[in-house]
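Enquirer: Right, I'll just put the structure down here and ask away after.
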Amino acid sequence: MKKQSLKIVMGLMFVGGLLFTNSLQAQIEQGSVLVEPYYGLAATGKAVVAALASTGTTSSTTNLGPVGLRFTYMISEKVGLGIDGNYQNQGVEFTDGTYNYSLSRSVIRVMLNSHFIFLNEESFQLYGNVGAGYRTSSWTYTSDDPTYTGDSISGLIPVAIKLGFGGRYMFTKNIGLHADLNLGGGAYANGGLSFAF
């Protein structure tokens with residue numbers, strides 16, 4: 001349902017951008033700086049957490065993010081360079097009828113990001129992102145079972161990679177919305193605000 005809603009939002013942004021350009025000349029150009037906070041629909045870790053949630057008699061899960069922030073400096077009208085970082089956390093708590101257990105996973109990613117604009121109208125842009133950088137993740141296990149000592153395991157691969165395609169609609173010269181579909185980077189889809197300076 002969430003994935004379908006995001007496709008609808010991106011489609012409306014695309015149509016709105018083509019049909020309703022405004023007179024504010026909010027076109028992104030060389031020298032523009034974009035600051036874009038976003039919230040994503042997590043793709044990684046959710047399946048593991050959901051599987052573990054089904055092992056106990058009672059369980060509850062938590063999911064946060066990825067919550068991210070992308071900075072881009074446009075070195076030309078079509079190409080920008082910047083930094084994309086995000087944080088996500090998933091967790092599950094369950095009981096075996098006697099003891100309580102919890103498992104949580106947290107991930108931080110910081111990537112250098114290349115931003116390529118394919119369509120640049122007065123108030124609407126279609127773009128692609130290619131990012132690569134550092135990723136740190138950890139799994140933490142705890143329990144009130146007196147025989148269980150707890151454990152924490154760090155992720156094995158410290159590399160983050162993200163490929164994305166998205167659209168941005170600027171309501172004013174400086175404020176708009178964006179939505180992306182991604183491969184990697186923690187979320188298969190994300191969206192948020194766009195600030196241009």
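Ordered as shown in the structure tokens, chains take letters A, B, and onward, while each chain numbers its residues from 1 and ligands are numbered from 1 in the order shown.
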So that I can see what lies close to Gln90 (chain A), please list as a list in words the residues with an atom at most 6 Å from it, counting only C-alpha atoms and leaving out residues fewer than 6 positions away in the same chain.
Expert: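 Using only C-alpha atoms, the neighbours found are Thr62, Asn63, Ser104 and Arg105 of chain A.
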Enquirer: For region 155-161 of chain A, work out the shell of residues within 10 Å, counting only C-alpha atoms and skipping chain neighbours fewer than 5 positions away, then give it as an mmCIF file with C-alpha atoms, in the first residue's frame.
Expert:
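And here is the file that came out, part_21.cif:
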data_model
loop_
_atom_site.group_PDB
_atom_site.id
_atom_site.type_symbol
_atom_site.label_atom_id
_atom_site.label_comp_id
_atom_site.auth_asym_id
_atom_site.auth_seq_id
_atom_site.Cartn_x
_atom_site.Cartn_y
_atom_site.Cartn_z
ATOM 1 C CA ARG A 105 19.355 -3.310 14.414
ATOM 2 C CA SER A 106 20.694 0.176 13.754
ATOM 3 C CA VAL A 107 22.404 1.427 10.597
ATOM 4 C CA ILE A 108 24.162 4.698 9.748
ATOM 5 C CA ARG A 109 25.129 5.516 6.149
ATOM 6 C CA VAL A 110 27.159 8.458 4.825
ATOM 7 C CA MET A 111 27.639 8.614 1.055
ATOM 8 C CA LEU A 112 29.176 10.926 -1.500
ATOM 9 C CA ASN A 113 26.374 11.580 -3.961
ATOM 10 C CA VAL A 130 24.405 7.660 -7.613
ATOM 11 C CA GLY A 131 25.926 7.408 -4.147
ATOM 12 C CA ALA A 132 28.687 5.405 -2.476
ATOM 13 C CA GLY A 133 30.288 5.628 0.926
ATOM 14 C CA TYR A 134 30.507 4.256 4.463
ATOM 15 C CA ARG A 135 27.984 2.133 6.328
ATOM 16 C CA THR A 136 28.043 0.974 9.930
ATOM 17 C CA SER A 137 25.484 -1.436 11.342
ATOM 18 C CA SER A 138 25.013 -3.423 14.523
ATOM 19 C CA TRP A 139 22.642 -6.044 15.920
ATOM 20 C CA LEU A 183 18.171 0.506 -5.165
ATOM 21 C CA GLY A 184 20.298 0.252 -2.002
ATOM 22 C CA GLY A 185 20.917 2.976 0.531
ATOM 23 C CA GLY A 186 18.463 1.500 3.041
#
Enquirer: What separation in Å, quoted to one decimal, exists between CA of Gly82 (chain A) and CA of Ser123 (chain A)?
Expert: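 That distance, rounded to one decimal, is 21.4 Å.
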Enquirer: Just checking: using only C-alpha atoms, which residue out of A:Val35, A:Ile28, A:Leu103, A:Leu193 ends up closest to Phe71 (chain A)?
Expert: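 Checking each candidate against Phe71 (chain A), we get A:Val35 as the closest.
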Enquirer: Give me, please, the distance in Å between CA of Leu181 (chain A) and CA of Leu64 (chain A), quoted to one decimal.
Expert: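 So the two atoms, CA of Leu181 (chain A) and CA of Leu64 (chain A), lie 18.2 Å apart.
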Enquirer: Using only C-alpha atoms, which residue out of A:Ile153, A:Met74, A:Leu177, A:Leu163 lies closest to Phe124 (chain A)?
Expert: A:Leu177
Enquirer: With only C-alpha atoms as the atoms that count, which of A:Thr95, A:Ser59, A:Thr72, A:Asn89 lies nearest to Phe195 (chain A)?
Expert: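 Counting only C-alpha atoms, the residue closest to Phe195 (chain A) is A:Thr72.
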Enquirer: Taking only C-alpha atoms into account, name the residue in A:Gly167, A:Ala187, A:Pro146, A:Asn174 that is nearest to Asn100 (chain A).
Expert: A:Pro146
Enquirer: For Val67 (chain A), please output as a PyMOL selection string all residues within 7 Å (counting only C-alpha atoms; exclusion window: fewer than 4 positions along the same chain).
Expert: chain A and resi 38-40+86-88
Enquirer: Save the residues we just selected, C-alpha atoms, as a PDB file, in the first residue's frame?
Expert:
ATOM      1  CA  TYR A  38      13.667  12.753   3.733  1.00  0.00           C
ATOM      2  CA  TYR A  39      11.988   9.740   5.294  1.00  0.00           C
ATOM      3  CA  GLY A  40      12.231   6.326   3.651  1.00  0.00           C
ATOM      4  CA  ASN A  86      20.697   8.447   6.786  1.00  0.00           C
ATOM      5  CA  TYR A  87      19.890   6.509   9.960  1.00  0.00           C
ATOM      6  CA  GLN A  88      17.505   3.603  10.456  1.00  0.00           C
TER       7      GLN A  88
END
